[in-house]
Each structure stands twice: as structure tokens, then as C-alpha cells.
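Here's the structure we're looking at; comments come further down.
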Amino acid sequence: MFTVNEAAKLVSGAVIGDGNARVKGMAPCDFAEEGDITFAFDGEGLERAGKSRASCVLTTSGVENYPKTVLQVGDMKLALTVLYNAMLEMKLFAKGIIHPTAIISENAVLGKDVSIGPNAVIDDSAKIGDNSVVGANCVIGKNVTIGRKSYLHPNVTVYENTVIGNKVIIHSGTVLGADGFGYIPKDGKIYKVPQMGNVIIEDDVEIGANSCVDKGTFATTVVGRGTKIDNQVQIAHNVKLGKNVMVAGQSGIAGSSTVGDNTMMGGNVGIADHVNVGSNVKIGAKTGVHGHVRDNKVIFGYPYREAADARKLYGLLSLLIKNGRKFRAFLRKLPDE
Amino acid sequence: MFTVNEAAKLVSGAVIGDGNARVKGMAPCDFAEEGDITFAFDGEGLERAGKSRASCVLTTSGVENYPKTVLQVGDMKLALTVLYNAMLEMKLFAKGIIHPTAIISENAVLGKDVSIGPNAVIDDSAKIGDNSVVGANCVIGKNVTIGRKSYLHPNVTVYENTVIGNKVIIHSGTVLGADGFGYIPKDGKIYKVPQMGNVIIEDDVEIGANSCVDKGTFATTVVGRGTKIDNQVQIAHNVKLGKNVMVAGQSGIAGSSTVGDNTMMGGNVGIADHVNVGSNVKIGAKTGVHGHVRDNKVIFGYPYREAADARKLYGLLSLLIKNGRKFRAFLRKLPDE
Amino acid sequence: MFTVNEAAKLVSGAVIGDGNARVKGMAPCDFAEEGDITFAFDGEGLERAGKSRASCVLTTSGVENYPKTVLQVGDMKLALTVLYNAMLEMKLFAKGIIHPTAIISENAVLGKDVSIGPNAVIDDSAKIGDNSVVGANCVIGKNVTIGRKSYLHPNVTVYENTVIGNKVIIHSGTVLGADGFGYIPKDGKIYKVPQMGNVIIEDDVEIGANSCVDKGTFATTVVGRGTKIDNQVQIAHNVKLGKNVMVAGQSGIAGSSTVGDNTMMGGNVGIADHVNVGSNVKIGAKTGVHGHVRDNKVIFGYPYREAADARKLYGLLSLLIKNGRKFRAFLRKLPDE
């Protein structure tokens, strides 16, 4: 727990009221409980916050005769972000409760203050580090390793041998370590390509809801440190994502492709298999990447082009539409070469 | 339960046989149980229906010496639809059974005749209205509110503070209220944008399987009354979907965008963040919407154009391909400006 | 279980060491347990394999004084594939254990050596064939039929009346048999189109994680024998997929469309509703298929064209960009028709 005074230091704010009050989380007025900091963007918000169950109100205004302790700051958005991040850890990991309905193998090794939700299943030889949380109805396969202070929301499925680092957040419905998609037709039979590798999720990664990261065929599919993945993203077998990569919703990266550090993808981007995308690349939404892309490129379109070219093309096609009739006539009359 | 006579009134049909027989649901021959209405499109179907376990057969033909009660109608498809909708409610909500393995917080408030499936988890302060059903293995977070006659199929995950209205249907694997995708890099650290708001699903909404609706950052993500969402759809934080919107499968709407009433999206449509799409807009499949769209527009393509323009362009490009060699030669000889 | 000698016969390999040793599975060094065959691509791998817990090492090199039994082969990749497929069945189906927390209806019929994982729910009248496995937290609806030697990974949801054949593999998070997406607005009300049919998954199908196959409206949605479906794929109501079809990740097939045998789709392909795609068709990633496609075609693009045309167009547009300024000037000066 913080005191309000400690919170004020983090955001260079001023305290009006009880600076020694203890705060444990952050929430909008309607959901705030005792011990929470809530926030008010204007006078109306301030009035609602005053009637909430929160213990402290973050705002830019000064107040008089106000029923709550106020934490006054200059930059609301920055203060909210800094406080939220500081308190996220407290909010997520305070408990250390193992629900009696959780099914935990005798061979599993749980660290200090691990929380396991109702009906979660922890299979043989799984290791879960200190302060980590496995939500309700999660299924953690054999020999899975989860680091410290990681948080799996309910209904996450983790296949055998997956390694999850420290401070990783995985949202509900996400599946880590399922088999890659590969088949070899031979002599009228279809053989499944061996899928025997695993998945490594490095520290500080967050993965949204209903996403998938498939295991490697012989080796490892890697999601690099600090990388953030949105909902419904598909990361295929053997892919290597660098550090601090951002992958927006519904994007897919096909088998054995690599993506360099700090690269950013808009929504529903597709990267073909065996393609190398460099570092610091920016990829517009819905782009189809069928070839290698060097560092620092900005690309867009399907098939993709450099963004400047894609924009130029878009303009030219608009002009073409506008002059469609004339252009048709011209094309028809164009002499053979 | 209906009687066959009551069913006949709903669809302006004629009863041949026992009009006082009671019916409770509707099913194809192969799956029909006693008390179901089944249906036959032709003579062969009629024969099969006669041998089924159903109590009544919906058909357009008259019959003689038939082993089942028949409900004869003029417009088969209309009658099927009207009856199915009338009976859906009965079928879905008849039970009021709480499975002994369900884990229900002592602080949760359940209305009359609520059904909770095996291994479902209902967290603190959740409220579930009369006649609603929470399927097997669902996880309902803290302070979630579910209205009356809503139906959550198995394996749905609902994060804290989500509000679900009346007569809402949510299919399996869908996740409501996960964190939005937002990060602020600052001084070499990546901060998570606060995700403290919630999700409101208004009355009469249906959401397909494996879809996601993320919570708002400070406020609320809204799915408006009567809106229907297909499978694997992604609705990002702070989005406001109007009333009676139709969103086909694998479409995604990025953060803070709005969509007006009655707008229809084909499959795999992407709407960029902070974009306002009007009412009664029609959006073709796979369209990429990167800018605001006014009411009543019909749009298509990536990047999107008005559908008439997109069609014109498609035709022009076909002509270009056909005349490719000549056009190449022409372009090469084109003098500098 | 195999002996190493039996394994050697399958891959035309030579045994160095104990050919009578028994092997039960296959795994990379780091995850190998006693009884597993591991593999080494080079000298370093061979050294690591020698220290692993595996009972046998597959490699192309001869060895001397090596601590493990070695199975020496000429074509490593082929041998890995053949052995993996031969052992997959053993690995998957060896157990026949029903976890005490599984909730199985008294009316369900289980074959010989069926395994049911923790917290799995098997509803009334479900039938599960010999040697099949239902993973942890799966929910199997009423009257579902599962054949022999089929494997459902954890957290799969199967709606009522679905039929799953023999040797089918379904990965986590996948939903079979949810309602199709169809609504009829009439007299200011929105009616749900009846969704009363079912899903049939034929023998030897594999479906990846978080995919969906919706039930038919009145009849059946069919996934044909030997068809392989990747992660996050959407198969809508009434679709008929032929035999040995390959559908890569994030593809979607809209209502009532058909796809012929052996057709292959790249990632994120969309097929519109009521479209017939022939046999042996090849469809490039992200293609949008809005019309019928005859057998043996190779298509690509959005909207789709024959691949040769799509490539030609791509080249022409590149040329257009390069000559953009000149072409603009030309278009402006083009006389009216």
C-alpha cells in the first residue's frame, strides 16, 4: 500500500487533506472502493467523486471543504498513467490465495504468495514463480514455467513446456503453445509436420484476449522482452518477435518469420512465412507483407509498398477514377506496340 | 409451453391433428425430442419427420393418415423464423438450475430462476437478473451486472464491472472487458495506458463466439441495443457502437471509434482508431476504413472508397491489365512535363 | 510402445546400441523424458542429446562410445516426420484416465479407454468413442458424438448435436457449433434466423486454436475428411469444406459457401457467402473471394484476380507510381471523348 503522500511524490502533486491515508488501487468513481484513488476531469466529476467510495481524488483543481482527500496535479493524463502503473502491481498481486477447487499436480512447484483461481488446472512439473497469479479456469500444461509477478487472467490455456517470464500479463482466452500449422502430403498420405518445440514469452510482455502463440517445430517461438500484443493476434510456429514490438489486434505472423525490435504493426497486418522484418519498422493497418523489410521502413498496403509510394498510388488511382471515361477511350485507341 | 393451436395462431397456420398438444422447442428431425416441432420441406422430409421423436411437423403440404400432428403454413421460411424466435426464449430459459459445482461468491446476487452451469465462477458483488443463464465454465468477474433473460454460453469470460443488459446472448469463448491496447513509451520505459473503465452491452445484443469487447480507458465501451456481432470480432476500448448495428465475422474496430445506428459491416472490415462512421452505412467485406464516413454511404475497398468508385476502379484496372503491354510502352514514351 | 528396432524399420535407419529399448514418444533434448526419442542435427546437438533424459537419439552421424542408443538415418527431416506421426497416436492416446472432477452426464456413453480431463463437462446423451481424449475444462454439449482416437485439447467448446469423426484433433479455445450469424429485420423487429442444424467434422481433420465452425441453419456445416484448419479461422453456417482442404490462420468462409477438395488458402483469406470455390484451387494470403472460382485456379488479391493478372497489375501500378508526375499531367490534358 501507498500513502497519499507517497503517491503525490510519484506525480509531483500537492495533497489537500489526509496525506497519510493509505491507497491500494485506482478506479473510476462508479467502481471505486475504499482505499482507491479515483479521478475527476471537471467540476461535475469532482462532485461525483466526492460522493464515491474512493479515499482520494486525483484532479487538477484546488478544492475547499471537500469531503475527500485530494491529490492535485498539473498534468492529469500523465499523473493517471504514472499512478496506474505504480499501483497495477499492488492491485494484481496482493493476494496469495489458492482456491480449494484448483487442481494442482503434486509435482508442480509454486513460489511464495502465488494465487491460483477456482478450477484452474496446473499439470505435472509446472513451476510458478513468486507472486504470480493464475486466473480461474486456466489450464497450465506439463513442465510449463511461469516467472515472478506474472498474471494470467481467467481461461488462458498454456501447452506443455511453455516458458513465461516475469511481469508478463496474459488476457483471457489466449492459447500459448498449440501446434503449428504444417503438413506434408507424401504418397497419398498427409503427414503432420512435427511440432515438438515450445514457446518463450520474455519478461514484461502483455498479450491480449483470444490471441495465439504456437510452439516451434523443433525449436522455440519467441516473444521478446517488453513486446505488447493485442487481442486475436496469431503468432505462428518458429516466429521470433524482438523486444518492445507492438502488434495491434487481429494481426498475424506466419511461420518462421522474424520481426526486429521496436517495430509497430497496425491492426490486421499479415506477415507471410519466412519473412524478415527489421527493427523500427512501422506497418499500417491491414498491410500484407510478402517480402523482407529493412530497418526503419514505413510501409503500407496490400501488397505492401513504402508508405510514400502507397499514398502516391492512392492519389493516382483517384485521378484515374475521376477521368475514367476519358482514360477508357484513350486505352481503347492506344496503338499496338 | 405453447399448444400447437397457439403456435398456429403465431404463423397463421392450420392444424391437422391434436391442436392441444404441447410444444416446447424446435429442431430438425434427427435431433428432435418429444415436445419439439420439426419441419419438412418436401415429401421425403415429411416421411422422415413422421418417424422422428417430434410432436408436431411444420410443413406446407396437407397430409392424410399422418402419424404426427401437422402445422400447415403457406410461407415455410417465415413460419420457421417466427416460431423459432417465439420458442427460443422458452428453450433457453426454462430451467433455473444451479449446478452444485458452480462457485458463487457469497456477495453475488442472483435473481429468480437463474441457471448457473457446472464449474462456472461468479465473483464478488456480481448481479444476475431473473431467468438468465450462465453456461458451464464461464467466469463472471467482480461487480458484473447481467440483466434478465440473458444467456451466456459455456466458456465466456466477463471482466470486472461489465454491464450486460436484458435478453443478451453471448456465445462461447467471447471475452468482455479485457484491457484495451495502449502504451506510452517515456524515458526509456513503456507505461501501460490506464484501463479502468468498463463495457456496457445493451439489451437484445447477440455476440458470436471468440469475440472481444475491451473495457474503456476511463469511461465505457458501449455496444448499443439490438446490435448483432458475429464470431472473432474485436471491439477496442472506448468504442461506441450504435443500435442495431451488424458486424460480420473477423471485423475489428479500433480504439475510440464510433459507429452509428443500423450500419452494416461485412466480414473482416477494419475501422481505424478515432474514426466516426455514420448511421445506415454499408461497408463491404475486408474494407479498411481510415477516415470518417457520413450517414447512408456505401463503401468498399482498401483503402476504402465509395462503392461506385471502387467498382469503377476495379473495371479500369481490369482494362489496364488487358492492355498492359501497350500501356507500359506508352508510359515509357511519355515525355517529361 | 515401439522398440528402437521397430522405429528403425519405419525410417530405414541403423541402430547403434540397444535395439530392444522401448520408446514411447519424441521430444527435443530439453523436454525429453525417459522412453523418448530425441534428435540431434549436429555435433553440438549430439553432445546435448547425450546428456538428456531421452532413451534414444535420432541423427545422421555415426557415433562411438556414445551414452545413448542411436538411430542413424539418411534423411533427418523425413525420419523425424515419419516417426513423429507414428508416435503421435501413442503419445496422445495412451492413458484412459477419467479425472474425478470431470462432470459426466449419466446418459453419456463413453467407449473403451476414453480420457476425460479435470473439470471437463460432458452433457446428456453425448457419445465418446474408444481411446478419445477430452481435455481439461472442455464443454461437450448434449447429443454430441465424438469418434475413436480423437483428441480435444483443453478449453474446447462443442455445442449440442455436433458430430466429430475419428482421429480428429481440436486445439484449445476452438468453438464448434455456435449459432450462425443471420437476422431478418421485419416490421421494425429483428428476428434471429433459425440456427437449428449442426456441425460435422469428418475423420482425420485437425483444427487449430481459437477457431470457430458454426452450426447449419436447418442442415449441416461440414468439414471434410483430412481437412486441416489453422488458428483463428471462422467457418460460417452451412459451409461445406471438401476433403484435404488447407485453411491457414485467420481465414474466414461466410455462410453457405462451398470449397472443393485439396484447395489451399493462405492466411486471412476471406470467402464471401454463397460462393462456390472449386477443387485444387490455390488462394494467396489476404485474398478476398467475392465470386465463384473454378477448379485448379490460382488466385490472389482484393478483390481477387487470377494470380498472373494480379502480378501484372502490381507491376503496372509500380510503373505508374514511378511515372506518377508525368501520368498526372497526361491525364489532365486528355481530351474529352
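Identifiers in the C-alpha cells: chain A, B, ... in order shown; residue index from 1 per chain; ligand index from 1 in order shown.
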As a PDB file with C-alpha atoms, in the first residue's frame, please: the residues near segment 115-121 of chain C (cut-off 10 Å, only C-alpha atoms, same-chain neighbours under 2 positions excluded).
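part_8.pdb written:
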ATOM      1  CA  THR A 101     -11.097 -26.141  -6.250  1.00  0.00           C
ATOM      2  CA  ALA A 102      -7.804 -25.546  -8.111  1.00  0.00           C
ATOM      3  CA  ILE A 103      -6.295 -28.829  -9.310  1.00  0.00           C
ATOM      4  CA  ASN A 119     -10.958 -24.646 -11.187  1.00  0.00           C
ATOM      5  CA  ALA A 120      -7.538 -23.767 -12.589  1.00  0.00           C
ATOM      6  CA  VAL A 121      -5.542 -26.843 -13.574  1.00  0.00           C
ATOM      7  CA  ASN A 137     -10.312 -21.977 -15.279  1.00  0.00           C
ATOM      8  CA  VAL A 139      -5.091 -24.770 -17.809  1.00  0.00           C
TER       9      VAL A 139
ATOM     10  CA  THR B 101     -20.008 -27.332  -8.781  1.00  0.00           C
ATOM     11  CA  GLY B 117     -23.688 -24.248 -15.284  1.00  0.00           C
ATOM     12  CA  PRO B 118     -21.053 -26.635 -13.925  1.00  0.00           C
ATOM     13  CA  ASN B 119     -17.750 -25.047 -12.811  1.00  0.00           C
ATOM     14  CA  ALA B 136     -20.535 -24.140 -17.880  1.00  0.00           C
ATOM     15  CA  ASN B 137     -17.001 -22.870 -17.161  1.00  0.00           C
ATOM     16  CA  PRO B 154     -20.113 -22.005 -21.922  1.00  0.00           C
TER      17      PRO B 154
ATOM     18  CA  PHE C  93      -3.969 -41.863 -26.500  1.00  0.00           C
ATOM     19  CA  ALA C  94      -2.031 -43.975 -24.062  1.00  0.00           C
ATOM     20  CA  LYS C  95      -3.966 -43.114 -20.922  1.00  0.00           C
ATOM     21  CA  GLY C  96      -7.641 -43.890 -20.475  1.00  0.00           C
ATOM     22  CA  ILE C  97      -7.982 -41.827 -17.292  1.00  0.00           C
ATOM     23  CA  ILE C  98     -11.144 -40.042 -16.223  1.00  0.00           C
ATOM     24  CA  HIS C  99     -10.359 -37.256 -13.776  1.00  0.00           C
ATOM     25  CA  PRO C 100     -12.597 -37.349 -10.702  1.00  0.00           C
ATOM     26  CA  THR C 101     -13.605 -33.690 -11.170  1.00  0.00           C
ATOM     27  CA  ALA C 102     -14.970 -34.303 -14.692  1.00  0.00           C
ATOM     28  CA  ILE C 103     -18.749 -33.867 -14.791  1.00  0.00           C
ATOM     29  CA  ILE C 104     -20.232 -36.564 -16.982  1.00  0.00           C
ATOM     30  CA  SER C 105     -23.956 -36.956 -17.562  1.00  0.00           C
ATOM     31  CA  LEU C 110     -18.051 -43.458 -23.140  1.00  0.00           C
ATOM     32  CA  GLY C 111     -16.099 -46.031 -25.196  1.00  0.00           C
ATOM     33  CA  LYS C 112     -13.079 -48.037 -24.095  1.00  0.00           C
ATOM     34  CA  ASP C 113     -10.061 -46.193 -22.675  1.00  0.00           C
ATOM     35  CA  ASP C 123     -23.670 -33.240 -21.270  1.00  0.00           C
ATOM     36  CA  ASP C 124     -26.621 -35.608 -21.761  1.00  0.00           C
ATOM     37  CA  ILE C 128     -17.306 -40.519 -26.992  1.00  0.00           C
ATOM     38  CA  ASP C 130     -12.727 -45.602 -27.856  1.00  0.00           C
ATOM     39  CA  ASN C 131      -9.372 -44.046 -26.959  1.00  0.00           C
ATOM     40  CA  SER C 132     -10.555 -40.461 -27.452  1.00  0.00           C
ATOM     41  CA  VAL C 133      -9.380 -37.685 -25.135  1.00  0.00           C
ATOM     42  CA  VAL C 134     -11.379 -34.699 -23.895  1.00  0.00           C
ATOM     43  CA  GLY C 135      -9.012 -32.155 -22.304  1.00  0.00           C
ATOM     44  CA  ALA C 136      -9.366 -30.169 -19.113  1.00  0.00           C
ATOM     45  CA  ASN C 137     -12.217 -27.646 -18.970  1.00  0.00           C
ATOM     46  CA  CYS C 138     -13.744 -28.723 -22.289  1.00  0.00           C
ATOM     47  CA  VAL C 139     -17.527 -28.460 -22.511  1.00  0.00           C
ATOM     48  CA  ILE C 140     -19.237 -31.118 -24.647  1.00  0.00           C
ATOM     49  CA  GLY C 141     -22.892 -30.314 -25.329  1.00  0.00           C
ATOM     50  CA  TYR C 151      -8.182 -35.553 -29.190  1.00  0.00           C
ATOM     51  CA  LEU C 152      -9.720 -32.356 -27.837  1.00  0.00           C
ATOM     52  CA  HIS C 153      -7.131 -30.112 -26.156  1.00  0.00           C
ATOM     53  CA  PRO C 154      -8.214 -28.149 -23.060  1.00  0.00           C
ATOM     54  CA  ASN C 155     -10.914 -25.457 -23.194  1.00  0.00           C
ATOM     55  CA  VAL C 156     -12.657 -26.594 -26.374  1.00  0.00           C
ATOM     56  CA  THR C 157     -16.416 -25.917 -26.501  1.00  0.00           C
TER      57      THR C 157
END
Next item on the list: Report the residues of segment 121-292 of chain B whose backbone DSSP state falls under strand (DSSP E), written as JSON, numbers by chain.
Entry: {"B": [121, 122, 127, 128, 133, 134, 139, 140, 145, 146, 151, 152, 157, 158, 163, 164, 169, 170, 175, 176, 177, 178, 183, 184, 185, 186, 189, 190, 191, 192, 198, 199, 200, 201, 206, 207, 212, 213, 214, 220, 221, 222, 223, 228, 229, 234, 235, 240, 241, 246, 247, 252, 253, 258, 259, 264, 265, 270, 271, 276, 277, 282, 283, 288, 289]}
Dump C-alpha atoms for the selected residues as a PDB file, in the first residue's frame?
ATOM      1  CA  VAL B 121     -17.318 -18.912 -11.359  1.00  0.00           C
ATOM      2  CA  ILE B 122     -19.313 -15.889 -10.155  1.00  0.00           C
ATOM      3  CA  LYS B 127     -25.628  -9.469 -10.008  1.00  0.00           C
ATOM      4  CA  ILE B 128     -27.516 -11.799 -12.341  1.00  0.00           C
ATOM      5  CA  VAL B 133     -28.284 -18.428 -17.781  1.00  0.00           C
ATOM      6  CA  VAL B 134     -24.527 -18.576 -17.192  1.00  0.00           C
ATOM      7  CA  VAL B 139     -16.033 -16.744 -15.379  1.00  0.00           C
ATOM      8  CA  ILE B 140     -18.011 -13.690 -14.248  1.00  0.00           C
ATOM      9  CA  THR B 145     -24.207  -6.940 -13.770  1.00  0.00           C
ATOM     10  CA  ILE B 146     -26.253  -9.212 -16.041  1.00  0.00           C
ATOM     11  CA  TYR B 151     -27.807 -16.257 -21.963  1.00  0.00           C
ATOM     12  CA  LEU B 152     -24.075 -16.809 -21.711  1.00  0.00           C
ATOM     13  CA  THR B 157     -15.159 -14.627 -19.664  1.00  0.00           C
ATOM     14  CA  VAL B 158     -16.519 -11.349 -18.305  1.00  0.00           C
ATOM     15  CA  VAL B 163     -22.764  -4.411 -17.507  1.00  0.00           C
ATOM     16  CA  ILE B 164     -24.835  -6.784 -19.663  1.00  0.00           C
ATOM     17  CA  ILE B 169     -26.873 -13.741 -25.962  1.00  0.00           C
ATOM     18  CA  ILE B 170     -23.100 -14.284 -25.746  1.00  0.00           C
ATOM     19  CA  VAL B 175     -14.191 -12.132 -23.656  1.00  0.00           C
ATOM     20  CA  LEU B 176     -15.859  -8.955 -22.401  1.00  0.00           C
ATOM     21  CA  GLY B 177     -13.940  -6.227 -20.592  1.00  0.00           C
ATOM     22  CA  ALA B 178     -10.275  -7.159 -21.131  1.00  0.00           C
ATOM     23  CA  TYR B 183       1.158   2.011 -24.135  1.00  0.00           C
ATOM     24  CA  ILE B 184       3.164   5.197 -23.665  1.00  0.00           C
ATOM     25  CA  PRO B 185       6.930   4.999 -24.132  1.00  0.00           C
ATOM     26  CA  LYS B 186       8.503   7.611 -21.838  1.00  0.00           C
ATOM     27  CA  LYS B 189      10.200   2.870 -20.039  1.00  0.00           C
ATOM     28  CA  ILE B 190       6.924   1.658 -21.501  1.00  0.00           C
ATOM     29  CA  TYR B 191       3.913   2.666 -19.417  1.00  0.00           C
ATOM     30  CA  LYS B 192       0.586   0.919 -19.772  1.00  0.00           C
ATOM     31  CA  ASN B 198     -15.857  -0.871 -18.292  1.00  0.00           C
ATOM     32  CA  VAL B 199     -18.063  -2.391 -21.004  1.00  0.00           C
ATOM     33  CA  ILE B 200     -21.811  -1.931 -21.406  1.00  0.00           C
ATOM     34  CA  ILE B 201     -23.698  -4.403 -23.584  1.00  0.00           C
ATOM     35  CA  GLU B 206     -26.068 -11.002 -29.590  1.00  0.00           C
ATOM     36  CA  ILE B 207     -22.303 -11.617 -29.750  1.00  0.00           C
ATOM     37  CA  CYS B 212     -13.702  -9.486 -27.708  1.00  0.00           C
ATOM     38  CA  VAL B 213     -15.026  -6.198 -26.358  1.00  0.00           C
ATOM     39  CA  ASP B 214     -12.372  -4.300 -24.377  1.00  0.00           C
ATOM     40  CA  THR B 220     -17.179   2.922 -21.110  1.00  0.00           C
ATOM     41  CA  THR B 221     -17.106   0.861 -24.295  1.00  0.00           C
ATOM     42  CA  VAL B 222     -20.713   0.565 -25.487  1.00  0.00           C
ATOM     43  CA  VAL B 223     -22.450  -1.984 -27.703  1.00  0.00           C
ATOM     44  CA  LYS B 228     -25.508  -8.133 -33.529  1.00  0.00           C
ATOM     45  CA  ILE B 229     -21.847  -9.132 -33.592  1.00  0.00           C
ATOM     46  CA  GLN B 234     -12.649  -7.218 -31.959  1.00  0.00           C
ATOM     47  CA  ILE B 235     -14.206  -4.099 -30.387  1.00  0.00           C
ATOM     48  CA  LYS B 240     -19.366   3.275 -29.155  1.00  0.00           C
ATOM     49  CA  LEU B 241     -21.468   1.047 -31.387  1.00  0.00           C
ATOM     50  CA  MET B 246     -24.491  -5.581 -37.744  1.00  0.00           C
ATOM     51  CA  VAL B 247     -20.825  -6.602 -37.545  1.00  0.00           C
ATOM     52  CA  GLY B 252     -12.258  -5.055 -35.923  1.00  0.00           C
ATOM     53  CA  ILE B 253     -12.993  -1.568 -34.648  1.00  0.00           C
ATOM     54  CA  THR B 258     -17.917   5.332 -33.170  1.00  0.00           C
ATOM     55  CA  VAL B 259     -20.444   3.612 -35.435  1.00  0.00           C
ATOM     56  CA  MET B 264     -23.790  -2.947 -41.537  1.00  0.00           C
ATOM     57  CA  MET B 265     -20.262  -4.336 -41.896  1.00  0.00           C
ATOM     58  CA  GLY B 270     -11.257  -2.826 -40.188  1.00  0.00           C
ATOM     59  CA  ILE B 271     -12.119   0.581 -38.778  1.00  0.00           C
ATOM     60  CA  ASN B 276     -16.594   8.250 -36.801  1.00  0.00           C
ATOM     61  CA  VAL B 277     -18.759   6.097 -39.060  1.00  0.00           C
ATOM     62  CA  LYS B 282     -22.968  -0.217 -45.605  1.00  0.00           C
ATOM     63  CA  ILE B 283     -19.369  -1.447 -45.565  1.00  0.00           C
ATOM     64  CA  GLY B 288     -10.249  -0.688 -44.470  1.00  0.00           C
ATOM     65  CA  VAL B 289     -11.877   2.449 -43.071  1.00  0.00           C
TER      66      VAL B 289
END
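Residue neighbourhood of Arg332 of chain B, excluding near-sequence residues (fewer than 5 positions): Glu337 of chain A; Arg325, Lys326 and Phe327 of chain B; Leu316, Leu319, Leu320, Lys322, Asn323, Gly324, Lys326 and Phe327 of chain C, at 12 Å, using only C-alpha atoms.
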What are the closest atom pairs, with distances in Å to one decimal, for all residues of chain B lying within 8 Å of chain C? Consider only C-alpha atoms, order rows by chain and residue number, and present the result as CSV.
residue,atom,partner,partner_atom,distance
B:Met26,CA,C:Met196,CA,7.7
B:Ala27,CA,C:Met196,CA,5.8
B:Pro28,CA,C:Met196,CA,6.6
B:Phe31,CA,C:Asn161,CA,7.0
B:Leu80,CA,C:Pro194,CA,7.1
B:Thr81,CA,C:Pro194,CA,5.7
B:Val82,CA,C:Tyr191,CA,7.4
B:Tyr84,CA,C:Pro194,CA,5.9
B:Asn85,CA,C:Lys192,CA,6.4
B:Pro118,CA,C:Val121,CA,7.2
B:Asn119,CA,C:Asn119,CA,7.0
B:Ala136,CA,C:Val139,CA,7.0
B:Asn137,CA,C:Asn137,CA,7.0
B:Pro154,CA,C:Val139,CA,7.0
B:Asn155,CA,C:Thr157,CA,7.3
B:His171,CA,C:Ala178,CA,6.7
B:Ser172,CA,C:Val175,CA,6.6
B:Gly173,CA,C:Gly173,CA,6.6
B:Gly208,CA,C:Asp179,CA,7.4
B:Ala209,CA,C:Ala178,CA,6.8
B:Asn210,CA,C:Asn210,CA,6.8
B:Gly226,CA,C:Ile190,CA,7.9
B:Ile229,CA,C:Phe181,CA,7.9
B:Asp230,CA,C:Phe181,CA,5.8
B:Asn231,CA,C:Gln234,CA,7.2
B:Gln232,CA,C:Gln234,CA,7.5
B:Ala248,CA,C:Phe181,CA,7.5
B:Gly249,CA,C:Gln234,CA,7.4
B:Gln250,CA,C:Gly252,CA,7.5
B:Gly267,CA,C:Gly270,CA,7.7
B:Asn268,CA,C:Gly270,CA,7.6
B:Ala285,CA,C:Ala272,CA,7.8
B:Lys286,CA,C:Gly288,CA,7.2
B:Gly301,CA,C:Tyr302,CA,7.9
B:Leu317,CA,C:Leu313,CA,7.4
B:Leu320,CA,C:Leu313,CA,7.6
B:Ile321,CA,C:Leu313,CA,5.8
B:Gly324,CA,C:Leu316,CA,7.1
B:Arg328,CA,C:Leu316,CA,7.2
B:Leu331,CA,C:Asn323,CA,7.2
B:Leu334,CA,C:Lys326,CA,6.9
B:Pro335,CA,C:Lys326,CA,7.2
B:Asp336,CA,C:Lys326,CA,5.9
B:Glu337,CA,C:Lys326,CA,5.8
Next item on the list: Could you give me, as an MDAnalysis selection string, each residue of segment 57-104 of chain B that DSSP assigns to helix (DSSP H, G or I) when run on this structure's backbone?
Entry: chainID B and resid 76:93
File of the preceding selection, C-alpha atoms, as a compact mmCIF listing (two decimals), in the first residue's frame:
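Below is the file again.txt, written as the result:
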# COMPACT_ATOMS: atom_id res chain seq x y z
CA MET B 76 -42.31 -22.09 -44.65
CA LYS B 77 -39.29 -19.86 -44.09
CA LEU B 78 -41.29 -17.10 -42.43
CA ALA B 79 -43.13 -19.58 -40.23
CA LEU B 80 -39.87 -21.24 -39.19
CA THR B 81 -38.37 -17.88 -38.27
CA VAL B 82 -41.36 -16.64 -36.32
CA LEU B 83 -41.78 -19.89 -34.40
CA TYR B 84 -38.06 -20.26 -33.73
CA ASN B 85 -37.88 -16.77 -32.26
CA ALA B 86 -41.00 -17.29 -30.18
CA MET B 87 -39.66 -20.55 -28.81
CA LEU B 88 -36.04 -19.50 -28.39
CA GLU B 89 -36.84 -17.89 -25.11
CA MET B 90 -38.60 -20.97 -23.78
CA LYS B 91 -35.82 -23.21 -24.94
CA LEU B 92 -33.11 -21.09 -23.42
CA PHE B 93 -34.61 -20.16 -20.09
Do a neighbour search on Glu33 of chain A at 10 Å with only C-alpha atoms, toss out local chain neighbours closer than 6 positions, and write the hits as a compact mmCIF listing (two decimals) with C-alpha atoms, in the first residue's frame.
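The file below, result-v4.txt, is the result:
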# COMPACT_ATOMS: atom_id res chain seq x y z
CA LYS A 24 -4.33 0.41 -2.73
CA GLY A 25 -5.72 0.90 -6.22
CA MET A 26 -7.29 3.17 -8.77
CA ALA A 27 -10.77 3.21 -10.27
CA SER A 52 -17.96 7.89 -4.33
CA ARG A 53 -16.45 5.31 -2.01
CA ALA A 54 -12.91 6.29 -3.04
CA SER A 55 -10.43 7.50 -0.41
